[in-house]
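*Asks:* Just dropping this structure here.
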Amino acid sequence: MIEILAILSAGAAAGMRIGVPLLIIGLLQGDRLWSQLPILSNFSPHVLVGLLTSWSLFELFASKKLIGQRIVQQVHLCLSPFVGALMGLAVASATETPSWLVALIGGLLAFVFQLVLVGWFYRLRGLPIWAVFIQDILCITFVVFAVDAPRQGGLMALILLWFAIRSAKYWYNWYRER
């Protein structure tokens, strides 16, 4: 059960950002982590650190402007299920849960969170700066909790999923009324 909560926490982090969670979890668990993940094992750890650092900085700074939010959300919408699956595999590498199920849970949760964020982006015509800062803080918190406190991180991810479903229902009803 703890492994599933860790996967939920990691998937939630990947649903908010792509580069930041991969970079943080890679740095927390060392170079050996990237050699165990399916796609990332093909790259040198030094190249991965450089790429993930560059993308993380782009995510953090570009998401503060409207055009940057559009670019980041386009990339996130395409890549968040894959990063969520990788994050799930990263935190549950020593579990008895089948790897396809781990990847499915992490990827779907990341995709759901990203869809809700895109919905709010178009509903509000851009996310307010305070919401972007909360998103950054939550992303980092979920990654740390996935590694150090999976129970708390998983429960926070479930609460956030509940909020996401409620808010998606809200903006869907708003759209239907227009």
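Residue numbers start at 1 in each chain; chains themselves are named A, B, ... in the order of the structure tokens; ligands are numbered from 1 in the order shown.
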Would you mind listing what lies within 7 Å of stretch 85-99 of chain A as JSON, numbers by chain, with only C-alpha atoms counted and same-chain residues fewer than 4 positions away left out?

*Replies:* {"A": [3, 6, 7, 10, 11, 22, 33, 37, 81, 103, 104, 106, 107, 146, 147]}

*Asks:* Do you have the atom CA of A:Val102-atom CA of A:Gly15 distance handy?

*Replies:*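 Between atom CA of A:Val102 and atom CA of A:Gly15 the gap is 15.2 Å.
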
*Asks:* Rank A:Gly84, A:Lys64, A:Ser41, A:Gly126 by their smallest atom-to-atom distance to A:Val143, using only C-alpha atoms, and report the top residue only.

*Replies:*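 Among the listed residues, the smallest separation from A:Val143 belongs to A:Gly84.
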
*Asks:* Counting only C-alpha atoms, which residue out of A:Leu108, A:Ile25, A:Ser54, A:Leu124 sits closest to A:Phe82?

*Replies:*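 Closest candidate: A:Leu108.
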
*Asks:* How far is it from atom CA of A:Arg151 to atom CA of A:Ala164, in Å with one decimal?

*Replies:* 19.7 Å

*Asks:* Return the single residue from A:Gln29, A:Thr53, A:Gln152, A:Gln114 that is closest to A:Ser9, with distances computed using only C-alpha atoms.

*Replies:*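 Under the stated criterion, the closest residue is A:Gln152.
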
*Asks:* Please determine, counting only C-alpha atoms, which residue among A:Ala131, A:His46, A:Tyr122, A:Asp148 has the shortest atom-to-atom distance to A:Tyr175.

*Replies:*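 For A:Tyr175, the nearest of the candidates is A:Tyr122.
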
*Asks:* Check the smallest atom-to-atom distance from each of A:Ile134, A:Ile140, A:Ala168, A:Leu109 to A:Ile4 using only C-alpha atoms, then report the winner.

*Replies:*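 Selected residue with least distance to A:Ile4: A:Leu109.
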
*Asks:* So what do you get for atom CA of A:Ser56 versus atom CA of A:Trp120, distance-wise?

*Replies:*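 Between these atoms lies a distance of 22.0 Å.
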
*Asks:* Using only C-alpha atoms, which residues sit within 12 Å of A:Phe163 once same-chain residues fewer than 4 positions away are excluded, as a list of chain:residue names?

*Replies:*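 The contact residues come out as A:Val112, A:Phe113, A:Val116, A:Leu117, A:Met156, A:Ala157, A:Leu158, A:Ile159, A:Ser167, A:Ala168, A:Lys169, A:Tyr170.
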
*Asks:* When you count only C-alpha atoms, which of these residues is closest to A:Lys65: A:Leu127, A:Val118, A:Leu77, A:Leu48?

*Replies:*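 Closest candidate: A:Leu127.
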
*Asks:* Could you pull out the residues in stretch 82-160 of chain A that DSSP calls alpha helix (DSSP H) from the backbone, as number ranges by chain?

*Replies:* A: 82-91, 99-124, 129-148, 150-160

*Asks:* Go ahead and save the picked residues with C-alpha atoms, as a PDB file, in the first residue's frame.

*Replies:*
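The resulting file, result.pdb, is reproduced below:
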```pdb
ATOM      1  CA  PHE A  82       5.353   9.332 -19.906  1.00  0.00           C
ATOM      2  CA  VAL A  83       7.088  11.276 -17.145  1.00  0.00           C
ATOM      3  CA  GLY A  84       4.421  10.145 -14.669  1.00  0.00           C
ATOM      4  CA  ALA A  85       5.096   6.545 -15.659  1.00  0.00           C
ATOM      5  CA  LEU A  86       8.861   7.046 -15.277  1.00  0.00           C
ATOM      6  CA  MET A  87       8.391   8.728 -11.901  1.00  0.00           C
ATOM      7  CA  GLY A  88       6.198   5.863 -10.740  1.00  0.00           C
ATOM      8  CA  LEU A  89       8.824   3.350 -11.825  1.00  0.00           C
ATOM      9  CA  ALA A  90      11.526   5.398 -10.110  1.00  0.00           C
ATOM     10  CA  VAL A  91       9.893   5.399  -6.690  1.00  0.00           C
ATOM     11  CA  SER A  99       5.743  -2.488 -13.534  1.00  0.00           C
ATOM     12  CA  TRP A 100       2.999  -1.966 -16.128  1.00  0.00           C
ATOM     13  CA  LEU A 101       0.535  -1.172 -13.324  1.00  0.00           C
ATOM     14  CA  VAL A 102       3.006   1.214 -11.674  1.00  0.00           C
ATOM     15  CA  ALA A 103       3.561   3.015 -14.969  1.00  0.00           C
ATOM     16  CA  LEU A 104      -0.180   3.142 -15.671  1.00  0.00           C
ATOM     17  CA  ILE A 105      -1.054   4.642 -12.276  1.00  0.00           C
ATOM     18  CA  GLY A 106       1.691   7.272 -12.416  1.00  0.00           C
ATOM     19  CA  GLY A 107       1.024   8.185 -16.036  1.00  0.00           C
ATOM     20  CA  LEU A 108      -2.745   8.458 -15.705  1.00  0.00           C
ATOM     21  CA  LEU A 109      -2.580  10.592 -12.576  1.00  0.00           C
ATOM     22  CA  ALA A 110      -0.076  12.935 -14.214  1.00  0.00           C
ATOM     23  CA  PHE A 111      -2.255  13.191 -17.321  1.00  0.00           C
ATOM     24  CA  VAL A 112      -5.417  13.917 -15.313  1.00  0.00           C
ATOM     25  CA  PHE A 113      -3.688  16.696 -13.374  1.00  0.00           C
ATOM     26  CA  GLN A 114      -2.314  18.183 -16.572  1.00  0.00           C
ATOM     27  CA  LEU A 115      -5.721  18.096 -18.273  1.00  0.00           C
ATOM     28  CA  VAL A 116      -7.284  19.939 -15.348  1.00  0.00           C
ATOM     29  CA  LEU A 117      -4.489  22.535 -15.420  1.00  0.00           C
ATOM     30  CA  VAL A 118      -5.023  23.078 -19.151  1.00  0.00           C
ATOM     31  CA  GLY A 119      -8.751  23.434 -18.548  1.00  0.00           C
ATOM     32  CA  TRP A 120      -8.198  26.092 -15.920  1.00  0.00           C
ATOM     33  CA  PHE A 121      -5.636  27.803 -18.121  1.00  0.00           C
ATOM     34  CA  TYR A 122      -8.190  28.251 -20.901  1.00  0.00           C
ATOM     35  CA  ARG A 123     -11.017  29.021 -18.476  1.00  0.00           C
ATOM     36  CA  LEU A 124      -9.061  31.835 -16.832  1.00  0.00           C
ATOM     37  CA  ILE A 129       1.139  34.009 -10.824  1.00  0.00           C
ATOM     38  CA  TRP A 130       0.180  32.868  -7.322  1.00  0.00           C
ATOM     39  CA  ALA A 131      -1.259  29.637  -8.769  1.00  0.00           C
ATOM     40  CA  VAL A 132       1.976  28.992 -10.683  1.00  0.00           C
ATOM     41  CA  PHE A 133       4.029  29.463  -7.505  1.00  0.00           C
ATOM     42  CA  ILE A 134       1.758  27.062  -5.619  1.00  0.00           C
ATOM     43  CA  GLN A 135       2.165  24.594  -8.480  1.00  0.00           C
ATOM     44  CA  ASP A 136       5.968  24.838  -8.227  1.00  0.00           C
ATOM     45  CA  ILE A 137       5.940  24.345  -4.458  1.00  0.00           C
ATOM     46  CA  LEU A 138       3.529  21.410  -4.654  1.00  0.00           C
ATOM     47  CA  CYS A 139       5.625  19.734  -7.340  1.00  0.00           C
ATOM     48  CA  ILE A 140       8.764  19.829  -5.230  1.00  0.00           C
ATOM     49  CA  THR A 141       6.829  18.763  -2.133  1.00  0.00           C
ATOM     50  CA  PHE A 142       5.330  15.755  -3.903  1.00  0.00           C
ATOM     51  CA  VAL A 143       8.738  14.578  -5.107  1.00  0.00           C
ATOM     52  CA  VAL A 144      10.274  14.826  -1.647  1.00  0.00           C
ATOM     53  CA  PHE A 145       7.268  13.088  -0.098  1.00  0.00           C
ATOM     54  CA  ALA A 146       7.368  10.317  -2.715  1.00  0.00           C
ATOM     55  CA  VAL A 147      10.875   9.440  -1.566  1.00  0.00           C
ATOM     56  CA  ASP A 148      10.845  10.281   2.158  1.00  0.00           C
ATOM     57  CA  PRO A 150       5.114   8.237   0.749  1.00  0.00           C
ATOM     58  CA  ARG A 151       2.070   7.901   3.006  1.00  0.00           C
ATOM     59  CA  GLN A 152       1.681  11.649   3.449  1.00  0.00           C
ATOM     60  CA  GLY A 153       2.523  12.366  -0.197  1.00  0.00           C
ATOM     61  CA  GLY A 154       0.037   9.807  -1.477  1.00  0.00           C
ATOM     62  CA  LEU A 155      -2.725  11.108   0.747  1.00  0.00           C
ATOM     63  CA  MET A 156      -2.000  14.666  -0.391  1.00  0.00           C
ATOM     64  CA  ALA A 157      -2.127  13.450  -4.013  1.00  0.00           C
ATOM     65  CA  LEU A 158      -5.521  11.834  -3.407  1.00  0.00           C
ATOM     66  CA  ILE A 159      -6.850  15.047  -1.858  1.00  0.00           C
ATOM     67  CA  LEU A 160      -5.497  17.028  -4.791  1.00  0.00           C
TER      68      LEU A 160
END
```

*Asks:* A:Ser63: which residues within 9 Å, counting only C-alpha atoms, same-chain residues fewer than 3 positions away excluded, as a list in words?

*Replies:*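 Near A:Ser63, the qualifying residues are Phe58, Glu59, Leu60, Leu66, Ile67, Gly68, Gln69, Arg70, Ile71, Val72, Gln73, Leu127, Ile129 and Val132 of chain A.
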